[in-house]
$ cat entry32.txt   # compact mmCIF, C-alpha atoms
# COMPACT_ATOMS: atom_id res chain seq x y z
CA SER A 1 22.87 -60.72 -45.84
CA GLN A 2 19.60 -58.93 -45.32
CA LYS A 3 19.61 -55.18 -45.48
CA ILE A 4 16.74 -53.37 -43.85
CA GLU A 5 15.91 -49.80 -44.69
CA GLN A 6 13.86 -47.56 -42.49
CA ASN A 7 13.58 -43.85 -42.98
CA SER A 8 16.29 -42.37 -40.82
CA GLU A 9 14.66 -38.97 -40.80
CA ALA A 10 12.26 -38.28 -37.98
CA LEU A 11 8.58 -38.26 -38.83
CA ASN A 12 6.66 -35.36 -37.33
CA ILE A 13 2.88 -35.48 -37.41
CA GLN A 14 -0.01 -33.77 -35.70
CA GLU A 15 -2.00 -35.40 -32.96
CA GLY A 16 -4.98 -37.28 -34.33
CA LYS A 17 -3.41 -37.98 -37.70
CA THR A 18 -2.29 -41.37 -38.96
CA ALA A 19 1.42 -42.08 -38.87
CA THR A 20 2.81 -44.40 -41.52
CA LEU A 21 6.28 -45.84 -41.21
CA THR A 22 8.03 -47.86 -43.87
CA CYS A 23 10.34 -50.87 -43.70
CA ASN A 24 11.99 -52.18 -46.83
CA TYR A 25 14.25 -55.20 -47.08
CA THR A 26 16.49 -56.36 -49.86
CA ASN A 27 16.75 -60.11 -49.96
CA TYR A 28 14.43 -63.04 -49.44
CA SER A 29 11.25 -62.61 -47.47
CA PRO A 30 11.48 -63.59 -43.82
CA ALA A 31 9.14 -66.01 -42.12
CA TYR A 32 8.05 -63.24 -39.78
CA LEU A 33 8.35 -59.51 -39.70
CA GLN A 34 8.06 -57.75 -36.37
CA TRP A 35 7.64 -54.19 -35.20
CA TYR A 36 8.98 -52.86 -31.92
CA ARG A 37 8.80 -49.59 -30.07
CA GLN A 38 11.92 -48.25 -28.41
CA ASP A 39 12.02 -45.29 -26.04
CA PRO A 40 15.31 -43.47 -25.31
CA GLY A 41 17.58 -45.50 -23.05
CA ARG A 42 15.21 -48.45 -22.99
CA GLY A 43 15.01 -51.86 -24.59
CA PRO A 44 12.60 -52.51 -27.48
CA VAL A 45 9.02 -53.46 -26.71
CA PHE A 46 7.26 -55.92 -29.00
CA LEU A 47 4.22 -54.51 -30.81
CA LEU A 48 3.12 -56.69 -33.70
CA LEU A 49 4.22 -59.72 -35.66
CA ILE A 50 3.08 -60.57 -39.17
CA ARG A 51 3.78 -63.79 -41.03
CA GLU A 52 4.84 -63.98 -44.64
CA ASN A 53 1.46 -65.41 -45.67
CA GLU A 54 -0.46 -62.61 -43.98
CA LYS A 55 -1.10 -59.32 -45.70
CA GLU A 56 -2.37 -57.32 -42.77
CA LYS A 57 -2.48 -57.48 -38.99
CA ARG A 58 -4.24 -55.13 -36.58
CA LYS A 59 -4.02 -54.43 -32.89
CA GLU A 60 -6.02 -51.57 -31.45
CA ARG A 61 -4.74 -48.40 -33.18
CA LEU A 62 -1.89 -50.24 -34.89
CA LYS A 63 -1.91 -51.84 -38.31
CA VAL A 64 0.88 -53.63 -40.12
CA THR A 65 0.94 -54.70 -43.75
CA PHE A 66 3.40 -57.07 -45.37
CA ASP A 67 3.95 -57.07 -49.13
CA THR A 68 6.43 -59.77 -50.10
CA THR A 69 6.33 -58.67 -53.75
CA LEU A 70 7.44 -55.15 -52.88
CA LYS A 71 9.58 -56.46 -50.00
CA GLN A 72 7.99 -53.90 -47.79
CA SER A 73 6.08 -53.56 -44.56
CA LEU A 74 4.07 -50.53 -43.55
CA PHE A 75 3.30 -49.69 -39.94
CA HIS A 76 0.35 -47.42 -39.24
CA ILE A 77 -0.71 -45.71 -36.03
CA THR A 78 -4.17 -44.21 -36.32
CA ALA A 79 -5.45 -41.35 -34.15
CA SER A 80 -1.88 -40.72 -33.04
CA GLN A 81 -1.15 -39.27 -29.62
CA PRO A 82 1.92 -37.52 -28.15
CA ALA A 83 2.49 -40.68 -26.09
CA ASP A 84 3.12 -42.55 -29.35
CA SER A 85 6.32 -40.53 -29.82
CA ALA A 86 9.19 -43.02 -29.88
CA THR A 87 11.49 -44.85 -32.27
CA TYR A 88 9.89 -47.71 -34.12
CA LEU A 89 12.02 -50.61 -35.27
CA CYS A 90 11.19 -53.29 -37.75
CA ALA A 91 12.90 -56.63 -37.45
CA LEU A 92 13.10 -59.60 -39.73
CA ASP A 93 12.88 -63.05 -38.25
CA GLU A 94 14.09 -65.21 -41.08
CA ALA A 95 13.46 -68.62 -39.62
CA GLY A 96 10.99 -67.99 -36.87
CA GLY A 97 11.59 -68.40 -33.16
CA GLY A 98 13.46 -65.15 -32.79
CA ASN A 99 16.87 -66.75 -33.25
CA LYS A 100 18.18 -64.39 -35.86
CA LEU A 101 16.36 -61.12 -35.64
CA THR A 102 17.81 -58.51 -37.95
CA PHE A 103 16.82 -55.01 -36.92
CA GLY A 104 16.45 -51.85 -38.91
CA THR A 105 17.86 -48.60 -37.54
CA GLY A 106 14.38 -47.39 -36.70
CA THR A 107 12.35 -44.33 -37.49
CA GLN A 108 11.74 -41.71 -34.83
CA LEU A 109 8.14 -40.58 -34.62
CA LYS A 110 7.16 -37.29 -33.01
CA VAL A 111 3.50 -36.59 -32.47
CA GLU A 112 2.86 -32.92 -31.83
CA LEU A 113 -0.12 -31.30 -30.16
CA GLY B 1 3.33 -60.33 -21.15
CA ALA B 2 6.62 -61.86 -20.15
CA VAL B 3 9.06 -59.71 -18.20
CA VAL B 4 12.80 -59.58 -18.64
CA SER B 5 14.78 -57.74 -16.01
CA GLN B 6 18.24 -56.38 -16.76
CA HIS B 7 20.70 -54.90 -14.25
CA PRO B 8 22.35 -52.55 -13.89
CA SER B 9 20.64 -49.87 -15.96
CA TRP B 10 23.84 -47.96 -16.32
CA VAL B 11 27.42 -48.37 -15.25
CA ILE B 12 30.52 -46.23 -15.43
CA CYS B 13 33.85 -47.93 -15.05
CA LYS B 14 37.54 -47.32 -15.50
CA SER B 15 39.39 -48.69 -18.48
CA GLY B 16 40.75 -52.16 -17.79
CA THR B 17 38.09 -53.23 -15.33
CA SER B 18 35.43 -55.89 -15.88
CA VAL B 19 31.71 -55.28 -15.80
CA LYS B 20 28.97 -57.87 -15.31
CA ILE B 21 25.45 -57.39 -16.63
CA GLU B 22 22.60 -59.62 -15.50
CA CYS B 23 19.53 -60.62 -17.48
CA ARG B 24 16.66 -62.42 -15.75
CA SER B 25 13.39 -63.80 -17.03
CA LEU B 26 11.00 -63.09 -14.17
CA ASP B 27 7.89 -65.09 -14.95
CA PHE B 28 9.03 -67.67 -17.45
CA GLN B 29 11.92 -69.98 -18.10
CA ALA B 30 14.23 -69.15 -20.96
CA THR B 31 16.52 -71.80 -22.36
CA THR B 32 17.79 -69.24 -24.84
CA MET B 33 18.66 -65.62 -24.27
CA PHE B 34 20.23 -63.14 -26.65
CA TRP B 35 22.66 -60.29 -26.11
CA TYR B 36 22.62 -57.22 -28.36
CA ARG B 37 24.68 -54.07 -28.56
CA GLN B 38 23.37 -50.77 -29.83
CA PHE B 39 25.40 -47.68 -30.65
CA PRO B 40 23.69 -44.27 -30.83
CA LYS B 41 21.26 -43.98 -33.72
CA GLN B 42 22.17 -47.44 -34.96
CA SER B 43 20.30 -50.70 -35.02
CA LEU B 44 20.57 -53.46 -32.47
CA MET B 45 23.35 -55.86 -33.39
CA LEU B 46 23.20 -59.41 -32.14
CA MET B 47 26.36 -60.28 -30.25
CA ALA B 48 25.69 -63.79 -29.02
CA THR B 49 23.09 -66.40 -28.25
CA SER B 50 23.17 -67.69 -24.70
CA ASN B 51 22.10 -71.29 -24.18
CA GLU B 52 21.29 -72.66 -20.75
CA GLY B 53 23.77 -75.29 -19.71
CA SER B 54 26.01 -74.96 -22.74
CA LYS B 55 28.41 -72.58 -24.40
CA ALA B 56 27.19 -69.41 -25.97
CA THR B 57 27.19 -68.94 -29.73
CA TYR B 58 28.92 -65.76 -30.79
CA GLU B 59 28.30 -63.76 -33.94
CA GLN B 60 31.10 -63.13 -36.35
CA GLY B 61 33.47 -60.46 -35.15
CA VAL B 62 32.48 -60.69 -31.48
CA GLU B 63 35.35 -61.76 -29.23
CA LYS B 64 34.20 -64.53 -26.96
CA ASP B 65 37.09 -63.99 -24.55
CA LYS B 66 36.17 -60.35 -24.16
CA PHE B 67 32.43 -60.83 -23.79
CA LEU B 68 31.96 -63.75 -21.43
CA ILE B 69 28.48 -65.20 -21.29
CA ASN B 70 27.18 -67.52 -18.61
CA HIS B 71 23.70 -69.04 -18.65
CA ALA B 72 23.72 -71.23 -15.58
CA SER B 73 19.99 -71.37 -14.95
CA LEU B 74 16.76 -71.15 -16.90
CA THR B 75 16.11 -67.64 -15.65
CA LEU B 76 19.53 -65.98 -15.62
CA SER B 77 22.15 -65.09 -18.18
CA THR B 78 25.11 -62.84 -17.50
CA LEU B 79 27.37 -60.91 -19.83
CA THR B 80 30.78 -59.88 -18.52
CA VAL B 81 32.74 -57.31 -20.44
CA THR B 82 36.32 -58.10 -19.51
CA SER B 83 39.08 -55.51 -19.49
CA ALA B 84 36.70 -52.88 -20.76
CA HIS B 85 37.98 -50.08 -22.96
CA PRO B 86 36.33 -46.85 -24.10
CA GLU B 87 35.36 -48.42 -27.43
CA ASP B 88 33.23 -50.92 -25.50
CA SER B 89 31.01 -48.07 -24.34
CA SER B 90 27.59 -48.85 -25.70
CA PHE B 91 24.02 -49.80 -24.84
CA TYR B 92 23.77 -53.52 -24.13
CA ILE B 93 20.39 -55.22 -24.28
CA CYS B 94 19.37 -58.77 -23.52
CA SER B 95 16.28 -60.61 -24.64
CA ALA B 96 14.64 -63.94 -23.95
CA ARG B 97 12.21 -66.08 -25.87
CA ASP B 98 8.83 -67.04 -24.50
CA ARG B 99 6.16 -69.01 -26.29
CA GLN B 100 2.96 -67.00 -26.62
CA GLY B 101 0.34 -69.18 -28.20
CA LEU B 102 1.74 -70.71 -31.36
CA VAL B 103 4.57 -68.22 -31.75
CA GLU B 104 7.74 -67.68 -29.83
CA LYS B 105 8.26 -64.00 -29.12
CA LEU B 106 11.22 -62.05 -27.89
CA PHE B 107 11.01 -59.91 -24.78
CA PHE B 108 13.73 -57.42 -24.11
CA GLY B 109 15.35 -56.12 -20.97
CA SER B 110 15.53 -52.40 -20.35
CA GLY B 111 19.16 -52.25 -21.40
CA THR B 112 22.43 -51.30 -19.75
CA GLN B 113 24.32 -48.17 -20.73
CA LEU B 114 28.02 -48.85 -20.27
CA SER B 115 30.45 -45.95 -20.19
CA VAL B 116 34.15 -46.80 -19.98
CA LEU B 117 36.39 -43.92 -18.99
$ encode --input "entry32.txt" --output "structure tokens"
Amino acid sequence: SQKIEQNSEALNIQEGKTATLTCNYTNYSPAYLQWYRQDPGRGPVFLLLIRENEKEKRKERLKVTFDTTLKQSLFHITASQPADSATYLCALDEAGGGNKLTFGTGTQLKVEL
Amino acid sequence: GAVVSQHPSWVICKSGTSVKIECRSLDFQATTMFWYRQFPKQSLMLMATSNEGSKATYEQGVEKDKFLINHASLTLSTLTVTSAHPEDSSFYICSARDRQGLVEKLFFGSGTQLSVL
């Protein structure tokens, strides 16, 4: 089965800097790779989806890359703000349609003033 | 975007009692909803897929008699934790699919923190 690795250590960065979070997977490349934000005690909120044939996707200050050769996705937040502090989860959607989302454990991001 | 409402947000119950959690899609119809469980600092684990008008599909290792799922309408799925025990204490989250353009996306409820004493 797929194993997803996200850095379990919290990432602390200064306001205004770019945060880069990593998601590595072990087996075959999924049809879609998704990124979610999760705040404490809340459900995940969808941020971005990237398909296996796409290398990069952007949405406002967010950017996601997908390298199927490295089996890795990078999630970037530019001009980070304290309000960006949360746990960010990557999820693999192997067949599309959200039927079998496999989530990573998430990386906690803290943006400091 | 689509909104999924989940109630209650938190519940404390005595061991042996049953707890029902509701998941509603507010502005769209969802033929399929999903139930996840999340332990502290762990990833979301899919428990079951709830299908409107038919039986739920449970993931391996999830007891269907313990976690009863009912999806009687296109906007409501319920999860009942029967005879709850302290080891069932966890964060339960539901999600529903909605088509956004060419892609079906998942929208999550706000979760239910269950504490069994």
$ atom_distance --input "entry32.txt" --atom1 "atom CA of Ala48 of chain B" --atom2 "atom CA of Asn24 of chain A"
25.3 Å
$ interface_residues --input "entry32.txt" --of "chain A" --to "chain B" --cutoff "9 Å" --atoms "all atoms listed in the file" --output "list in words"
Ser8, Gly41, Arg42, Gly43, Pro44, Val45, Phe46, Leu49, Leu89, Gly96, Gly97, Gly98, Asn99, Lys100, Leu101, Thr102, Phe103, Gly104, Thr105 and Gly106 of chain A
$ residues_around --input "entry32.txt" --residues "Ala86 of chain A" --least-positions-apart "3" --cutoff "8 Å" --atoms "all atoms listed in the file" --output "ChimeraX atom specification"
/A:37-40,108-110
$ closest_residue --input "entry32.txt" --among "B:Ser15, B:Ser50, B:Gln60, B:Ser90" --to "Ala72 of chain B" --atoms "only C-alpha atoms"
B:Ser50
$ closest_residue --input "entry32.txt" --among "A:Leu48, A:Leu70, A:Ala79, A:Leu92" --to "Glu15 of chain A" --atoms "all atoms listed in the file"
A:Ala79
$ closest_residue --input "entry32.txt" --among "B:Ala30, B:Met47, B:Ile12, B:Ala84" --to "His71 of chain B" --atoms "all atoms listed in the file"
B:Ala30
$ atom_distance --input "entry32.txt" --atom1 "atom CA of Leu33 of chain A" --atom2 "atom CA of Glu59 of chain B"
21.2 Å
$ atom_distance --input "entry32.txt" --atom1 "atom CA of Lys14 of chain B" --atom2 "atom CA of Thr82 of chain B"
11.6 Å
$ residues_near_point --input "entry32.txt" --point "(-2.8, -45.3, -33.0)" --cutoff "9 Å" --atoms "all atoms listed in the file" --output "PyMOL selection string"
chain A and resi 16-19+60-63+76-81+84
$ residues_near_point --input "entry32.txt" --point "(1.7, -35.1, -33.9)" --cutoff "6 Å" --atoms "only C-alpha atoms" --output "list of chain:residue names"
A:Ile13, A:Gln14, A:Glu15, A:Lys110, A:Val111, A:Glu112, A:Leu113
$ write_last_selection --input "entry32.txt" --atoms "C-alpha atoms" --output "tab-separated table (two decimals), in the coordinates of the input"
chain	number	residue	atom	x	y	z
A	13	ILE	CA	2.88	-35.48	-37.41
A	14	GLN	CA	-0.01	-33.77	-35.70
A	15	GLU	CA	-2.00	-35.40	-32.96
A	110	LYS	CA	7.16	-37.29	-33.01
A	111	VAL	CA	3.50	-36.59	-32.47
A	112	GLU	CA	2.86	-32.92	-31.83
A	113	LEU	CA	-0.12	-31.30	-30.16
$ residues_around --input "entry32.txt" --residues "Ile50 of chain A" --least-positions-apart "3" --cutoff "7 Å" --atoms "all atoms listed in the file" --output "list in words"
Tyr32, Leu33, Gln34, Glu54 and Lys57 of chain A
$ decode --input "entry32.txt" --residues "segment 44-74 of chain A" --atoms "N, CA, C and O atoms" --output "PDB file, in the first residue's frame"
ATOM      1  N   PRO A  44     -10.183  18.952   7.580  1.00  0.00           N
ATOM      2  CA  PRO A  44      -9.298  19.502   6.550  1.00  0.00           C
ATOM      3  C   PRO A  44     -10.053  20.394   5.561  1.00  0.00           C
ATOM      4  O   PRO A  44     -11.226  20.158   5.275  1.00  0.00           O
ATOM      5  N   VAL A  45      -9.352  21.378   5.055  1.00  0.00           N
ATOM      6  CA  VAL A  45      -9.921  22.263   4.039  1.00  0.00           C
ATOM      7  C   VAL A  45      -9.092  22.122   2.774  1.00  0.00           C
ATOM      8  O   VAL A  45      -7.870  22.259   2.809  1.00  0.00           O
ATOM      9  N   PHE A  46      -9.759  21.838   1.670  1.00  0.00           N
ATOM     10  CA  PHE A  46      -9.083  21.626   0.393  1.00  0.00           C
ATOM     11  C   PHE A  46      -8.387  22.913  -0.065  1.00  0.00           C
ATOM     12  O   PHE A  46      -8.957  24.015  -0.003  1.00  0.00           O
ATOM     13  N   LEU A  47      -7.136  22.738  -0.526  1.00  0.00           N
ATOM     14  CA  LEU A  47      -6.379  23.884  -1.036  1.00  0.00           C
ATOM     15  C   LEU A  47      -6.114  23.762  -2.536  1.00  0.00           C
ATOM     16  O   LEU A  47      -6.510  24.626  -3.312  1.00  0.00           O
ATOM     17  N   LEU A  48      -5.413  22.720  -2.911  1.00  0.00           N
ATOM     18  CA  LEU A  48      -4.994  22.580  -4.309  1.00  0.00           C
ATOM     19  C   LEU A  48      -4.989  21.117  -4.710  1.00  0.00           C
ATOM     20  O   LEU A  48      -4.725  20.241  -3.894  1.00  0.00           O
ATOM     21  N   LEU A  49      -5.228  20.898  -5.982  1.00  0.00           N
ATOM     22  CA  LEU A  49      -5.156  19.561  -6.565  1.00  0.00           C
ATOM     23  C   LEU A  49      -4.262  19.641  -7.790  1.00  0.00           C
ATOM     24  O   LEU A  49      -4.348  20.589  -8.566  1.00  0.00           O
ATOM     25  N   ILE A  50      -3.404  18.653  -7.943  1.00  0.00           N
ATOM     26  CA  ILE A  50      -2.536  18.608  -9.122  1.00  0.00           C
ATOM     27  C   ILE A  50      -2.624  17.213  -9.718  1.00  0.00           C
ATOM     28  O   ILE A  50      -2.624  16.214  -9.004  1.00  0.00           O
ATOM     29  N   ARG A  51      -2.715  17.146 -11.025  1.00  0.00           N
ATOM     30  CA  ARG A  51      -2.827  15.869 -11.713  1.00  0.00           C
ATOM     31  C   ARG A  51      -1.442  15.313 -12.020  1.00  0.00           C
ATOM     32  O   ARG A  51      -0.465  16.052 -12.088  1.00  0.00           O
ATOM     33  N   GLU A  52      -1.387  14.053 -12.308  1.00  0.00           N
ATOM     34  CA  GLU A  52      -0.090  13.411 -12.542  1.00  0.00           C
ATOM     35  C   GLU A  52       0.607  13.945 -13.781  1.00  0.00           C
ATOM     36  O   GLU A  52       1.829  13.844 -13.888  1.00  0.00           O
ATOM     37  N   ASN A  53      -0.142  14.517 -14.719  1.00  0.00           N
ATOM     38  CA  ASN A  53       0.493  15.040 -15.933  1.00  0.00           C
ATOM     39  C   ASN A  53       0.782  16.545 -15.831  1.00  0.00           C
ATOM     40  O   ASN A  53       1.178  17.171 -16.797  1.00  0.00           O
ATOM     41  N   GLU A  54       0.580  17.091 -14.647  1.00  0.00           N
ATOM     42  CA  GLU A  54       0.884  18.500 -14.425  1.00  0.00           C
ATOM     43  C   GLU A  54       2.130  18.605 -13.561  1.00  0.00           C
ATOM     44  O   GLU A  54       2.308  17.836 -12.615  1.00  0.00           O
ATOM     45  N   LYS A  55       2.961  19.542 -13.857  1.00  0.00           N
ATOM     46  CA  LYS A  55       4.178  19.712 -13.060  1.00  0.00           C
ATOM     47  C   LYS A  55       4.005  20.778 -11.978  1.00  0.00           C
ATOM     48  O   LYS A  55       4.676  20.722 -10.947  1.00  0.00           O
ATOM     49  N   GLU A  56       3.123  21.721 -12.231  1.00  0.00           N
ATOM     50  CA  GLU A  56       3.005  22.835 -11.297  1.00  0.00           C
ATOM     51  C   GLU A  56       1.579  23.376 -11.335  1.00  0.00           C
ATOM     52  O   GLU A  56       0.933  23.399 -12.377  1.00  0.00           O
ATOM     53  N   LYS A  57       1.110  23.823 -10.182  1.00  0.00           N
ATOM     54  CA  LYS A  57      -0.204  24.455 -10.106  1.00  0.00           C
ATOM     55  C   LYS A  57      -0.099  25.601  -9.113  1.00  0.00           C
ATOM     56  O   LYS A  57       0.533  25.472  -8.063  1.00  0.00           O
ATOM     57  N   ARG A  58      -0.730  26.722  -9.447  1.00  0.00           N
ATOM     58  CA  ARG A  58      -0.667  27.896  -8.567  1.00  0.00           C
ATOM     59  C   ARG A  58      -2.065  28.381  -8.208  1.00  0.00           C
ATOM     60  O   ARG A  58      -2.993  28.271  -8.994  1.00  0.00           O
ATOM     61  N   LYS A  59      -2.154  28.951  -7.021  1.00  0.00           N
ATOM     62  CA  LYS A  59      -3.398  29.581  -6.589  1.00  0.00           C
ATOM     63  C   LYS A  59      -3.020  30.658  -5.585  1.00  0.00           C
ATOM     64  O   LYS A  59      -2.615  30.374  -4.464  1.00  0.00           O
ATOM     65  N   GLU A  60      -3.111  31.889  -6.024  1.00  0.00           N
ATOM     66  CA  GLU A  60      -2.757  33.028  -5.180  1.00  0.00           C
ATOM     67  C   GLU A  60      -1.335  32.846  -4.646  1.00  0.00           C
ATOM     68  O   GLU A  60      -0.383  32.764  -5.414  1.00  0.00           O
ATOM     69  N   ARG A  61      -1.146  32.783  -3.327  1.00  0.00           N
ATOM     70  CA  ARG A  61       0.201  32.661  -2.769  1.00  0.00           C
ATOM     71  C   ARG A  61       0.670  31.199  -2.673  1.00  0.00           C
ATOM     72  O   ARG A  61       1.759  30.930  -2.165  1.00  0.00           O
ATOM     73  N   LEU A  62      -0.122  30.289  -3.149  1.00  0.00           N
ATOM     74  CA  LEU A  62       0.213  28.870  -3.039  1.00  0.00           C
ATOM     75  C   LEU A  62       0.731  28.331  -4.368  1.00  0.00           C
ATOM     76  O   LEU A  62       0.257  28.719  -5.438  1.00  0.00           O
ATOM     77  N   LYS A  63       1.686  27.422  -4.267  1.00  0.00           N
ATOM     78  CA  LYS A  63       2.186  26.744  -5.447  1.00  0.00           C
ATOM     79  C   LYS A  63       2.483  25.293  -5.099  1.00  0.00           C
ATOM     80  O   LYS A  63       3.061  25.006  -4.045  1.00  0.00           O
ATOM     81  N   VAL A  64       2.067  24.400  -5.948  1.00  0.00           N
ATOM     82  CA  VAL A  64       2.314  22.981  -5.752  1.00  0.00           C
ATOM     83  C   VAL A  64       3.054  22.441  -6.964  1.00  0.00           C
ATOM     84  O   VAL A  64       2.713  22.770  -8.097  1.00  0.00           O
ATOM     85  N   THR A  65       4.063  21.625  -6.717  1.00  0.00           N
ATOM     86  CA  THR A  65       4.737  20.926  -7.814  1.00  0.00           C
ATOM     87  C   THR A  65       4.566  19.424  -7.611  1.00  0.00           C
ATOM     88  O   THR A  65       4.343  18.954  -6.495  1.00  0.00           O
ATOM     89  N   PHE A  66       4.678  18.705  -8.694  1.00  0.00           N
ATOM     90  CA  PHE A  66       4.450  17.257  -8.667  1.00  0.00           C
ATOM     91  C   PHE A  66       5.495  16.613  -9.568  1.00  0.00           C
ATOM     92  O   PHE A  66       5.483  16.813 -10.773  1.00  0.00           O
ATOM     93  N   ASP A  67       6.429  15.898  -8.962  1.00  0.00           N
ATOM     94  CA  ASP A  67       7.491  15.229  -9.708  1.00  0.00           C
ATOM     95  C   ASP A  67       7.299  13.723  -9.577  1.00  0.00           C
ATOM     96  O   ASP A  67       7.624  13.144  -8.547  1.00  0.00           O
ATOM     97  N   THR A  68       6.767  13.111 -10.614  1.00  0.00           N
ATOM     98  CA  THR A  68       6.469  11.673 -10.545  1.00  0.00           C
ATOM     99  C   THR A  68       7.744  10.833 -10.617  1.00  0.00           C
ATOM    100  O   THR A  68       7.727   9.671 -10.224  1.00  0.00           O
ATOM    101  N   THR A  69       8.835  11.424 -11.115  1.00  0.00           N
ATOM    102  CA  THR A  69      10.108  10.686 -11.141  1.00  0.00           C
ATOM    103  C   THR A  69      10.674  10.587  -9.730  1.00  0.00           C
ATOM    104  O   THR A  69      11.110   9.519  -9.295  1.00  0.00           O
ATOM    105  N   LEU A  70      10.645  11.690  -9.022  1.00  0.00           N
ATOM    106  CA  LEU A  70      11.118  11.701  -7.634  1.00  0.00           C
ATOM    107  C   LEU A  70      10.075  11.178  -6.664  1.00  0.00           C
ATOM    108  O   LEU A  70      10.377  10.950  -5.492  1.00  0.00           O
ATOM    109  N   LYS A  71       8.841  11.022  -7.133  1.00  0.00           N
ATOM    110  CA  LYS A  71       7.709  10.645  -6.267  1.00  0.00           C
ATOM    111  C   LYS A  71       7.580  11.651  -5.122  1.00  0.00           C
ATOM    112  O   LYS A  71       7.552  11.295  -3.936  1.00  0.00           O
ATOM    113  N   GLN A  72       7.483  12.905  -5.535  1.00  0.00           N
ATOM    114  CA  GLN A  72       7.484  13.961  -4.546  1.00  0.00           C
ATOM    115  C   GLN A  72       6.618  15.128  -5.000  1.00  0.00           C
ATOM    116  O   GLN A  72       6.552  15.463  -6.189  1.00  0.00           O
ATOM    117  N   SER A  73       5.980  15.748  -4.019  1.00  0.00           N
ATOM    118  CA  SER A  73       5.268  16.990  -4.258  1.00  0.00           C
ATOM    119  C   SER A  73       5.792  18.022  -3.265  1.00  0.00           C
ATOM    120  O   SER A  73       6.027  17.714  -2.093  1.00  0.00           O
ATOM    121  N   LEU A  74       5.972  19.231  -3.754  1.00  0.00           N
ATOM    122  CA  LEU A  74       6.366  20.340  -2.886  1.00  0.00           C
ATOM    123  C   LEU A  74       5.223  21.346  -2.832  1.00  0.00           C
ATOM    124  O   LEU A  74       4.587  21.643  -3.848  1.00  0.00           O
TER     125      LEU A  74
END
